[in-house]
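Reproduced below: data09.cif, with mmCIF, C-alpha atoms.
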```
data_data
loop_
_atom_site.group_PDB
_atom_site.id
_atom_site.type_symbol
_atom_site.label_atom_id
_atom_site.label_comp_id
_atom_site.auth_asym_id
_atom_site.auth_seq_id
_atom_site.Cartn_x
_atom_site.Cartn_y
_atom_site.Cartn_z
ATOM 1 C CA MET A 7 99.137 84.709 121.334
ATOM 2 C CA ASN A 8 100.782 81.584 122.761
ATOM 3 C CA ASP A 9 97.649 79.524 121.995
ATOM 4 C CA PHE A 10 97.821 80.415 118.303
ATOM 5 C CA HIS A 11 100.165 79.539 115.464
ATOM 6 C CA ALA A 12 101.858 82.167 113.275
ATOM 7 C CA ARG A 13 103.152 81.452 109.785
ATOM 8 C CA ALA A 14 103.636 83.075 106.400
ATOM 9 C CA TYR A 15 101.028 83.195 103.653
ATOM 10 C CA ARG A 16 100.967 80.289 101.190
ATOM 11 C CA PRO A 17 99.309 80.254 97.739
ATOM 12 C CA GLU A 18 96.576 77.911 98.950
ATOM 13 C CA ASP A 19 95.555 80.497 101.579
ATOM 14 C CA ALA A 20 94.042 82.959 99.091
ATOM 15 C CA ALA A 21 90.422 81.902 99.561
ATOM 16 C CA ALA A 22 90.682 81.833 103.367
ATOM 17 C CA VAL A 23 92.316 85.273 103.457
ATOM 18 C CA ALA A 24 89.608 86.663 101.149
ATOM 19 C CA ASP A 25 86.906 85.214 103.418
ATOM 20 C CA LEU A 26 88.590 86.721 106.472
ATOM 21 C CA LEU A 27 88.916 90.203 104.964
ATOM 22 C CA ASN A 28 85.320 90.062 103.738
ATOM 23 C CA ALA A 29 84.108 89.155 107.245
ATOM 24 C CA ILE A 30 86.095 92.057 108.704
ATOM 25 C CA SER A 31 84.672 94.438 106.106
ATOM 26 C CA ARG A 32 81.085 93.301 106.689
ATOM 27 C CA ALA A 33 81.482 93.750 110.441
ATOM 28 C CA SER A 34 82.373 97.419 109.862
ATOM 29 C CA GLY A 35 79.494 97.988 107.445
ATOM 30 C CA GLY A 36 81.319 97.314 104.166
ATOM 31 C CA GLN A 37 79.579 96.001 101.067
ATOM 32 C CA LEU A 38 82.404 94.821 98.810
ATOM 33 C CA GLU A 39 83.385 91.150 98.501
ATOM 34 C CA LEU A 40 86.953 90.246 97.549
ATOM 35 C CA PRO A 41 87.412 87.061 95.485
ATOM 36 C CA ALA A 42 90.376 84.775 96.139
ATOM 37 C CA ALA A 43 91.908 85.837 92.822
ATOM 38 C CA ALA A 44 92.158 89.415 94.109
ATOM 39 C CA ILE A 45 94.275 88.251 97.050
ATOM 40 C CA GLU A 46 96.467 86.225 94.713
ATOM 41 C CA ASN A 47 97.005 89.325 92.596
ATOM 42 C CA VAL A 48 97.868 91.526 95.590
ATOM 43 C CA VAL A 49 100.431 89.041 96.874
ATOM 44 C CA ARG A 50 101.941 88.591 93.407
ATOM 45 C CA THR A 51 102.206 92.287 92.553
ATOM 46 C CA GLU A 52 102.641 94.191 95.826
ATOM 47 C CA VAL A 53 103.872 91.764 98.480
ATOM 48 C CA LYS A 54 107.436 91.324 97.323
ATOM 49 C CA ASP A 55 108.420 88.460 99.634
ATOM 50 C CA PRO A 56 105.487 86.518 101.154
ATOM 51 C CA ALA A 57 107.841 84.565 103.413
ATOM 52 C CA ARG A 58 108.912 87.788 105.140
ATOM 53 C CA ASP A 59 106.120 90.259 104.360
ATOM 54 C CA THR A 60 103.067 88.271 105.491
ATOM 55 C CA ARG A 61 101.863 86.688 108.693
ATOM 56 C CA LEU A 62 98.806 84.530 109.279
ATOM 57 C CA ILE A 63 97.437 83.494 112.667
ATOM 58 C CA THR A 64 95.604 80.167 112.961
ATOM 59 C CA ASP A 65 94.101 78.266 115.887
ATOM 60 C CA ALA A 66 94.911 74.701 116.946
ATOM 61 C CA GLU A 67 92.552 73.339 114.262
ATOM 62 C CA GLY A 68 94.185 75.413 111.526
ATOM 63 C CA ARG A 69 91.344 77.911 111.164
ATOM 64 C CA LEU A 70 92.473 81.347 109.996
ATOM 65 C CA LEU A 71 91.898 83.945 112.715
ATOM 66 C CA ALA A 72 93.927 86.904 111.472
ATOM 67 C CA ALA A 73 96.152 88.021 108.621
ATOM 68 C CA ALA A 74 98.718 90.741 107.983
ATOM 69 C CA LEU A 75 100.175 91.697 104.599
ATOM 70 C CA VAL A 76 102.771 94.404 103.992
ATOM 71 C CA ARG A 77 102.082 95.852 100.539
ATOM 72 C CA LEU A 78 105.112 97.767 99.328
ATOM 73 C CA PRO A 79 105.086 100.893 97.146
ATOM 74 C CA PRO A 80 106.279 100.913 93.531
ATOM 75 C CA GLU A 81 109.723 102.250 92.690
ATOM 76 C CA ASP A 82 109.907 105.893 93.854
ATOM 77 C CA GLY A 83 106.591 105.440 95.673
ATOM 78 C CA PHE A 84 105.899 106.239 99.311
ATOM 79 C CA ARG A 85 102.784 104.407 100.548
ATOM 80 C CA VAL A 86 103.068 101.106 102.450
ATOM 81 C CA SER A 87 99.620 99.582 102.783
ATOM 82 C CA LEU A 88 99.242 97.458 105.925
ATOM 83 C CA GLU A 89 96.486 95.057 104.904
ATOM 84 C CA GLY A 90 94.736 92.609 107.185
ATOM 85 C CA GLY A 91 92.909 92.284 110.462
ATOM 86 C CA VAL A 92 91.377 89.936 113.008
ATOM 87 C CA HIS A 93 88.178 87.948 112.554
ATOM 88 C CA PRO A 94 85.312 89.758 114.325
ATOM 89 C CA ASP A 95 84.745 86.730 116.575
ATOM 90 C CA ARG A 96 88.345 86.844 117.870
ATOM 91 C CA ARG A 97 88.780 90.505 118.654
ATOM 92 C CA GLY A 98 89.802 91.682 122.087
ATOM 93 C CA LEU A 99 92.616 89.166 122.553
ATOM 94 C CA GLY A 100 95.486 91.465 121.562
ATOM 95 C CA ILE A 101 96.060 89.751 118.212
ATOM 96 C CA GLY A 102 95.402 92.873 116.159
ATOM 97 C CA ARG A 103 97.742 95.023 118.223
ATOM 98 C CA GLU A 104 100.600 92.555 117.893
ATOM 99 C CA LEU A 105 100.048 92.046 114.176
ATOM 100 C CA LEU A 106 99.922 95.763 113.416
ATOM 101 C CA ALA A 107 103.077 96.342 115.479
ATOM 102 C CA TRP A 108 104.752 93.569 113.477
ATOM 103 C CA GLN A 109 103.633 95.190 110.203
ATOM 104 C CA LEU A 110 105.093 98.538 111.266
ATOM 105 C CA ASP A 111 108.406 96.911 112.173
ATOM 106 C CA ARG A 112 108.474 95.024 108.881
ATOM 107 C CA ALA A 113 107.666 98.191 106.931
ATOM 108 C CA ALA A 114 110.573 99.947 108.667
ATOM 109 C CA GLU A 115 112.930 97.113 107.734
ATOM 110 C CA ARG A 116 111.787 97.250 104.122
ATOM 111 C CA HIS A 117 112.185 101.015 104.074
ATOM 112 C CA THR A 118 115.771 100.710 105.291
ATOM 113 C CA GLU A 119 116.493 98.129 102.589
ATOM 114 C CA ALA A 120 114.805 99.862 99.669
ATOM 115 C CA ALA A 121 114.698 103.628 100.179
ATOM 116 C CA PRO A 122 116.419 104.800 103.375
ATOM 117 C CA GLU A 123 116.661 108.382 102.111
ATOM 118 C CA GLY A 124 113.017 108.672 101.121
ATOM 119 C CA GLU A 125 109.938 109.227 103.245
ATOM 120 C CA TRP A 126 107.492 106.336 103.465
ATOM 121 C CA LEU A 127 104.020 106.464 105.004
ATOM 122 C CA ALA A 128 102.301 103.455 106.552
ATOM 123 C CA GLU A 129 98.610 103.384 105.636
ATOM 124 C CA VAL A 130 95.652 101.555 107.172
ATOM 125 C CA ASP A 131 91.916 101.946 106.700
ATOM 126 C CA THR A 132 88.638 100.775 108.149
ATOM 127 C CA GLY A 133 84.941 101.484 108.025
ATOM 128 C CA VAL A 134 83.916 104.623 109.883
ATOM 129 C CA PRO A 135 81.708 102.585 112.287
ATOM 130 C CA ASP A 136 84.645 100.373 113.361
ATOM 131 C CA THR A 137 85.534 102.202 116.564
ATOM 132 C CA ALA A 138 87.694 99.339 117.884
ATOM 133 C CA ALA A 139 90.046 99.478 114.887
ATOM 134 C CA ILE A 140 90.114 103.272 115.037
ATOM 135 C CA ARG A 141 91.120 103.184 118.716
ATOM 136 C CA LEU A 142 93.950 100.784 117.886
ATOM 137 C CA TYR A 143 95.226 102.953 115.037
ATOM 138 C CA GLU A 144 95.205 106.090 117.151
ATOM 139 C CA ARG A 145 96.868 104.296 120.058
ATOM 140 C CA LEU A 146 99.735 103.355 117.739
ATOM 141 C CA GLY A 147 100.170 106.909 116.481
ATOM 142 C CA PHE A 148 98.177 106.898 113.240
ATOM 143 C CA THR A 149 96.235 110.028 112.305
ATOM 144 C CA VAL A 150 93.258 110.560 109.988
ATOM 145 C CA GLU A 151 94.298 111.357 106.433
ATOM 146 C CA ARG A 152 91.312 110.931 104.104
ATOM 147 C CA PHE A 153 87.814 109.550 103.661
ATOM 148 C CA PHE A 154 86.606 107.286 100.861
ATOM 149 C CA LEU A 155 83.147 106.155 99.759
ATOM 150 C CA GLU A 156 81.921 102.724 98.726
ATOM 151 C CA MET A 157 79.181 103.174 96.146
ATOM 152 C CA ALA A 158 76.936 100.721 94.297
ATOM 153 C CA ALA A 159 74.517 100.807 91.376
ATOM 154 C CA PRO A 160 72.098 98.358 89.763
ATOM 155 C CA THR A 161 72.708 97.133 86.231
ATOM 156 C CA PRO A 162 71.735 98.424 83.818
ATOM 157 C CA SER A 163 71.996 102.046 84.901
ATOM 158 C CA PRO A 164 68.597 103.583 85.696
ATOM 159 C CA SER A 165 69.237 106.389 83.205
ATOM 160 C CA ALA A 166 71.372 106.271 80.074
ATOM 161 C CA ALA A 167 73.877 109.078 79.610
ATOM 162 C CA PRO A 168 73.570 111.192 76.458
ATOM 163 C CA PRO A 169 76.200 110.626 73.757
ATOM 164 C CA VAL A 170 79.231 112.897 73.738
ATOM 165 C CA GLU A 171 79.978 114.721 70.498
ATOM 166 C CA ASP A 172 83.178 113.647 68.693
ATOM 167 C CA LEU A 173 83.587 110.708 71.094
ATOM 168 C CA GLN A 174 83.494 107.005 70.304
ATOM 169 C CA ILE A 175 83.038 104.341 72.997
ATOM 170 C CA VAL A 176 84.633 100.992 72.160
ATOM 171 C CA ARG A 177 85.452 97.742 73.895
ATOM 172 C CA TYR A 178 88.875 97.380 75.416
ATOM 173 C CA THR A 179 91.395 95.436 73.328
ATOM 174 C CA PRO A 180 94.913 94.404 74.437
ATOM 175 C CA ASP A 181 96.572 96.326 71.623
ATOM 176 C CA ARG A 182 95.559 99.528 73.465
ATOM 177 C CA GLU A 183 97.086 98.579 76.844
ATOM 178 C CA ARG A 184 100.180 100.785 76.625
ATOM 179 C CA GLU A 185 98.177 103.752 75.387
ATOM 180 C CA LEU A 186 95.703 103.112 78.202
ATOM 181 C CA HIS A 187 98.536 103.079 80.748
ATOM 182 C CA ALA A 188 99.754 106.436 79.446
ATOM 183 C CA ALA A 189 96.228 107.893 79.623
ATOM 184 C CA HIS A 190 95.755 106.571 83.162
ATOM 185 C CA THR A 191 99.083 108.003 84.308
ATOM 186 C CA ALA A 192 98.231 111.410 82.867
ATOM 187 C CA ALA A 193 94.701 111.377 84.295
ATOM 188 C CA PHE A 194 95.769 110.534 87.857
ATOM 189 C CA ARG A 195 99.119 112.307 88.121
ATOM 190 C CA SER A 196 97.571 115.148 90.143
ATOM 191 C CA ALA A 197 95.245 112.931 92.191
ATOM 192 C CA TRP A 198 95.655 112.709 95.953
ATOM 193 C CA SER A 199 98.315 110.187 96.990
ATOM 194 C CA HIS A 200 98.837 108.876 93.453
ATOM 195 C CA GLN A 201 101.858 106.642 92.909
ATOM 196 C CA GLU A 202 103.044 106.206 89.343
ATOM 197 C CA ARG A 203 103.776 102.676 88.217
ATOM 198 C CA MET A 204 105.823 101.486 85.284
ATOM 199 C CA PHE A 205 103.809 99.698 82.626
ATOM 200 C CA ASP A 206 104.569 96.100 83.652
ATOM 201 C CA SER A 207 103.653 96.732 87.284
ATOM 202 C CA TRP A 208 100.474 98.601 86.349
ATOM 203 C CA ALA A 209 99.377 95.987 83.808
ATOM 204 C CA ALA A 210 99.873 93.131 86.287
ATOM 205 C CA MET A 211 97.510 94.864 88.707
ATOM 206 C CA THR A 212 94.911 95.846 86.098
ATOM 207 C CA VAL A 213 94.479 94.579 82.546
ATOM 208 C CA ARG A 214 96.535 91.417 83.112
ATOM 209 C CA SER A 215 95.074 90.460 86.481
ATOM 210 C CA LYS A 216 92.975 87.309 86.832
ATOM 211 C CA THR A 217 89.884 89.257 87.857
ATOM 212 C CA PHE A 218 89.917 91.779 84.987
ATOM 213 C CA LEU A 219 86.836 91.630 82.713
ATOM 214 C CA PRO A 220 88.074 92.820 79.297
ATOM 215 C CA GLU A 221 84.743 92.078 77.621
ATOM 216 C CA LEU A 222 83.062 94.664 79.858
ATOM 217 C CA ALA A 223 85.865 97.252 79.874
ATOM 218 C CA ARG A 224 85.311 100.347 77.766
ATOM 219 C CA LEU A 225 87.518 103.029 76.217
ATOM 220 C CA ALA A 226 86.512 106.488 75.021
ATOM 221 C CA LEU A 227 88.289 107.542 71.831
ATOM 222 C CA ALA A 228 88.638 110.987 70.300
ATOM 223 C CA ASP A 229 90.487 111.098 66.975
ATOM 224 C CA ASP A 230 91.358 107.448 67.696
ATOM 225 C CA LYS A 231 93.176 108.358 70.929
ATOM 226 C CA VAL A 232 92.207 107.097 74.391
ATOM 227 C CA VAL A 233 90.715 109.966 76.395
ATOM 228 C CA GLY A 234 88.709 107.979 78.944
ATOM 229 C CA TYR A 235 88.229 104.458 80.289
ATOM 230 C CA VAL A 236 86.354 102.252 82.724
ATOM 231 C CA LEU A 237 88.012 99.016 83.868
ATOM 232 C CA PRO A 238 85.789 96.479 85.690
ATOM 233 C CA TYR A 239 86.757 93.349 87.632
ATOM 234 C CA ALA A 240 84.964 90.229 88.837
ATOM 235 C CA ASP A 241 83.682 90.510 92.398
ATOM 236 C CA ALA A 242 80.892 88.259 93.703
ATOM 237 C CA PRO A 243 79.160 85.949 91.146
ATOM 238 C CA GLN A 244 76.561 88.560 90.135
ATOM 239 C CA ALA A 245 78.494 91.713 91.047
ATOM 240 C CA LEU A 246 81.391 93.483 89.432
ATOM 241 C CA TYR A 247 83.858 95.962 90.849
ATOM 242 C CA ILE A 248 84.793 99.043 88.850
ATOM 243 C CA GLY A 249 88.427 99.528 89.714
ATOM 244 C CA GLN A 250 89.466 102.451 87.527
ATOM 245 C CA VAL A 251 87.533 105.311 85.941
ATOM 246 C CA GLY A 252 89.526 108.037 84.259
ATOM 247 C CA THR A 253 89.285 110.935 81.830
ATOM 248 C CA THR A 254 92.198 112.890 80.431
ATOM 249 C CA MET A 255 92.397 116.520 81.515
ATOM 250 C CA SER A 256 91.297 118.088 78.228
ATOM 251 C CA TRP A 257 88.113 115.967 78.102
ATOM 252 C CA ARG A 258 86.868 116.481 81.654
ATOM 253 C CA ARG A 259 83.473 118.112 82.221
ATOM 254 C CA HIS A 260 82.222 116.757 78.884
ATOM 255 C CA GLY A 261 80.259 113.766 80.213
ATOM 256 C CA VAL A 262 82.853 111.183 79.183
ATOM 257 C CA ALA A 263 82.842 109.207 82.448
ATOM 258 C CA GLY A 264 79.038 109.196 82.583
ATOM 259 C CA ALA A 265 78.774 107.866 79.026
ATOM 260 C CA LEU A 266 81.358 105.168 79.724
ATOM 261 C CA LEU A 267 79.695 104.083 82.962
ATOM 262 C CA ALA A 268 76.285 103.846 81.304
ATOM 263 C CA ASP A 269 77.752 101.625 78.592
ATOM 264 C CA VAL A 270 79.557 99.394 81.103
ATOM 265 C CA LEU A 271 76.530 99.054 83.380
ATOM 266 C CA GLY A 272 74.304 98.172 80.444
ATOM 267 C CA ALA A 273 76.771 95.561 79.170
ATOM 268 C CA ALA A 274 77.153 94.144 82.682
ATOM 269 C CA GLY A 275 73.384 93.763 83.029
ATOM 270 C CA ARG A 276 73.169 91.924 79.716
ATOM 271 C CA SER A 277 75.972 89.611 80.914
ATOM 272 C CA GLY A 278 74.088 88.602 84.061
ATOM 273 C CA TYR A 279 75.540 90.997 86.614
ATOM 274 C CA THR A 280 72.971 92.642 88.860
ATOM 275 C CA THR A 281 75.101 95.219 90.686
ATOM 276 C CA ALA A 282 78.313 97.171 90.263
ATOM 277 C CA ALA A 283 80.419 98.730 93.017
ATOM 278 C CA LEU A 284 83.332 101.134 93.243
ATOM 279 C CA GLU A 285 85.337 103.194 95.725
ATOM 280 C CA THR A 286 86.068 106.888 95.353
ATOM 281 C CA ASP A 287 87.851 109.663 97.183
ATOM 282 C CA ALA A 288 85.234 111.621 99.115
ATOM 283 C CA ASP A 289 87.210 114.835 98.557
ATOM 284 C CA SER A 290 88.275 114.315 94.951
ATOM 285 C CA THR A 291 88.846 117.608 93.157
ATOM 286 C CA THR A 292 87.272 116.113 90.022
ATOM 287 C CA GLY A 293 83.874 115.769 91.707
ATOM 288 C CA ALA A 294 83.919 112.044 91.014
ATOM 289 C CA SER A 295 81.223 111.111 93.529
ATOM 290 C CA SER A 296 78.668 113.405 91.850
ATOM 291 C CA VAL A 297 79.498 111.837 88.471
ATOM 292 C CA TYR A 298 78.848 108.400 89.931
ATOM 293 C CA GLU A 299 75.598 109.521 91.546
ATOM 294 C CA LYS A 300 74.347 110.744 88.168
ATOM 295 C CA ALA A 301 75.206 107.306 86.751
ATOM 296 C CA GLY A 302 72.990 105.631 89.359
ATOM 297 C CA PHE A 303 75.474 104.899 92.177
ATOM 298 C CA VAL A 304 74.543 105.502 95.804
ATOM 299 C CA ILE A 305 76.779 105.661 98.872
ATOM 300 C CA LYS A 306 76.768 102.402 100.840
ATOM 301 C CA HIS A 307 79.718 102.753 103.209
ATOM 302 C CA ARG A 308 82.321 105.270 104.386
ATOM 303 C CA ILE A 309 85.974 104.397 104.887
ATOM 304 C CA VAL A 310 88.547 106.360 106.862
ATOM 305 C CA VAL A 311 92.245 106.212 105.934
ATOM 306 C CA TYR A 312 94.923 106.618 108.621
ATOM 307 C CA ARG A 313 98.645 107.202 108.165
ATOM 308 C CA LYS A 314 101.876 107.526 110.098
ATOM 309 C CA PRO A 315 105.505 107.899 108.997
ATOM 310 C CA VAL A 316 107.550 104.726 108.702
ATOM 311 C CA ARG A 317 110.413 104.978 111.175
#
```

Represent the structure contained in this file as structure tokens.
Amino acid sequence: MNDFHARAYRPEDAAAVADLLNAISRASGGQLELPAAAIENVVRTEVKDPARDTRLITDAEGRLLAAALVRLPPEDGFRVSLEGGVHPDRRGLGIGRELLAWQLDRAAERHTEAAPEGEWLAEVDTGVPDTAAIRLYERLGFTVERFFLEMAAPTPSPSAAPPVEDLQIVRYTPDRERELHAAHTAAFRSAWSHQERMFDSWAAMTVRSKTFLPELARLALADDKVVGYVLPYADAPQALYIGQVGTTMSWRRHGVAGALLADVLGAAGRSGYTTAALETDADSTTGASSVYEKAGFVIKHRIVVYRKPVR
């Protein structure tokens, strides 16, 4: 790497990092497109110290070739997400191996500083077709943990969901944000690998992020209490990303998520969006993927998640 320059992430790098990660995703078969604002939000909310927890690699002309971000867990959390990668045109030079080794070392330092008595897990992911990345992960001691699905649907949904008795679907309003946080926490507490976040941390990543689309977000109310929600975010100019879909335990299997998704997809179509995308756990105990298929989503890409303990 002597021919390249390494430095920390700077705020003006957001667009270049988004472009890099999108190129890496496309090369492995991915469909989603990250906007620059999503990178800004990740750095602001999960990368605690960009000067120490990020590393960018540029060439002599200043072009971004690779990036590495160490995304730390919330208080009492355990997952350290090692985000980044090497541009597809610059693979095979050893850059990825050195960056990932640096991320693991940095994660270990952070673990010692923040939670030396707790167990942290370093997490990476890639598209299933990306055999080069998979070889690197396995060479460094990562093992397969889970599979996720990227799914997409046209807007509006090809078939409207029937109304749910005793349920009202309304637009999101900020006065409901704390109730929504409580509903989200309850809905996902038993989900695989869930990490609970205090309200301020959760809100910064969701309803107060730059990419959040409150006008398209929907809540399901029963007796004026939040029992379900769909929270969408800006993706590409004519595409939106559905980041969170949830239903409280007592209202599952009643068609709540399907009704919410139909409403969101219809509203998105009327607002000029042509497609919507989301990611879901392939092995979710809630049967989420089948719910999304009924709402018009189809599988576009498969992602494999790898983990190893932080030492």

**OP:** For the file shown, report as a VMD selection string the outcome of the PyMOL selection byres ((chain A and resi 129) around 6) at residue level.
**Re:** chain A and resid 86 to 88 128 130 312 to 313

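In terms of minimum interatomic distance to Ala33 in chain A, A:Arg97 ranks closest within A:Lys54, A:Arg97, A:Lys231, A:His187, counting only C-alpha atoms.
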
Subject >> Contacts of range 234-246 of chain A within 6 Å, only C-alpha atoms, excl. fewer than 2 positions in-chain, as a ChimeraX atom specification >> reply: /A:41,217-219,223-226,232,248-253,279-282

Original post:
Quick one: of A:Ala197, A:Ala268, A:Leu186, A:Ala120, who's nearest to Thr291 in chain A, counting all atoms listed in the file?
Top reply: A:Ala197

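Of the listed residues A:Arg145, A:His117, A:Arg203, A:Arg103, the one whose atoms come nearest to Ala73 in chain A is A:Arg103, with distances taken using all atoms listed in the file.
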
Original post:
How many Å separate CA of Pro315 in chain A from CA of Trp126 in chain A?
Top reply: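 CA of Trp126 in chain A lies 6.1 Å from CA of Pro315 in chain A.
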
Subject >> Result set of the PyMOL selection byres ((chain A and resi 12-21) around 6) on the coordinates above, as a ChimeraX atom specification >> reply: /A:11,22-24,42,45-46,57,60-63

Subject >> Result set, the PyMOL selection byres ((chain A and resi 205) around 12) on current file, as a PyMOL selection string >> reply: chain A and resi 80-81+183-191+202-204+206-214

Subject >> Who sits within 12 Å of Ile140 in chain A, only C-alpha atoms, same chain under 2 positions skipped, as a PyMOL selection string >> reply: chain A and resi 34+102-103+130-138+142-150+309-313

Save the residues we just selected, C-alpha atoms, as an mmCIF file, in the frame of the given file?
```cif
data_model
loop_
_atom_site.group_PDB
_atom_site.id
_atom_site.type_symbol
_atom_site.label_atom_id
_atom_site.label_comp_id
_atom_site.auth_asym_id
_atom_site.auth_seq_id
_atom_site.Cartn_x
_atom_site.Cartn_y
_atom_site.Cartn_z
ATOM 1 C CA SER A 34 82.373 97.419 109.862
ATOM 2 C CA GLY A 102 95.402 92.873 116.159
ATOM 3 C CA ARG A 103 97.742 95.023 118.223
ATOM 4 C CA VAL A 130 95.652 101.555 107.172
ATOM 5 C CA ASP A 131 91.916 101.946 106.700
ATOM 6 C CA THR A 132 88.638 100.775 108.149
ATOM 7 C CA GLY A 133 84.941 101.484 108.025
ATOM 8 C CA VAL A 134 83.916 104.623 109.883
ATOM 9 C CA PRO A 135 81.708 102.585 112.287
ATOM 10 C CA ASP A 136 84.645 100.373 113.361
ATOM 11 C CA THR A 137 85.534 102.202 116.564
ATOM 12 C CA ALA A 138 87.694 99.339 117.884
ATOM 13 C CA LEU A 142 93.950 100.784 117.886
ATOM 14 C CA TYR A 143 95.226 102.953 115.037
ATOM 15 C CA GLU A 144 95.205 106.090 117.151
ATOM 16 C CA ARG A 145 96.868 104.296 120.058
ATOM 17 C CA LEU A 146 99.735 103.355 117.739
ATOM 18 C CA GLY A 147 100.170 106.909 116.481
ATOM 19 C CA PHE A 148 98.177 106.898 113.240
ATOM 20 C CA THR A 149 96.235 110.028 112.305
ATOM 21 C CA VAL A 150 93.258 110.560 109.988
ATOM 22 C CA ILE A 309 85.974 104.397 104.887
ATOM 23 C CA VAL A 310 88.547 106.360 106.862
ATOM 24 C CA VAL A 311 92.245 106.212 105.934
ATOM 25 C CA TYR A 312 94.923 106.618 108.621
ATOM 26 C CA ARG A 313 98.645 107.202 108.165
#
```

Subject >> Atom-to-atom span, CA of Phe194 in chain A and CA of Phe84 in chain A, Å >> reply: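 Here the two named atoms are 15.9 Å from each other.
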
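Atom pair CA of Asp111 in chain A / CA of Arg58 in chain A has a distance of 11.5 Å (rounded to one decimal).
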
Original post:
With all atoms listed in the file as the atoms that count, which of A:Asp289, A:Leu267, A:Asn47, A:Ala158 lies nearest to Ile305 in chain A?
Top reply: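 Counting all atoms listed in the file, the residue closest to Ile305 in chain A is A:Ala158.
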
For range 35-41 of chain A, what centre and edge lengths in Å (one decimal) does the axis-aligned box get once 8 Å is added on each side of all its listed atoms, as JSON?
```
{"center_x": 83.5, "center_y": 92.5, "center_z": 101.5, "size_x": 23.9, "size_y": 26.9, "size_z": 28.0}
```

Original post:
Using all atoms listed in the file, which of the listed residues (A:Asp82, A:Ala265, A:Tyr247, A:Asp95) sits closest to Leu173 in chain A?
Top reply: A:Ala265

**OP:** Kindly indicate which residue among A:Glu171, A:Glu89, A:Glu221, A:Asp269 lies nearest to Glu52 in chain A, using all atoms listed in the file for the distances.
**Re:**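 Closest residue, counting all atoms listed in the file: A:Glu89.
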
Subject >> Residue neighbourhood Leu71 in chain A, 8 Å, only C-alpha atoms, exclusion window fewer than 4 positions, as a list in words >> reply: Leu26, Leu62, Ile63, Thr64, Asp65, Val92, His93 and Arg96 of chain A
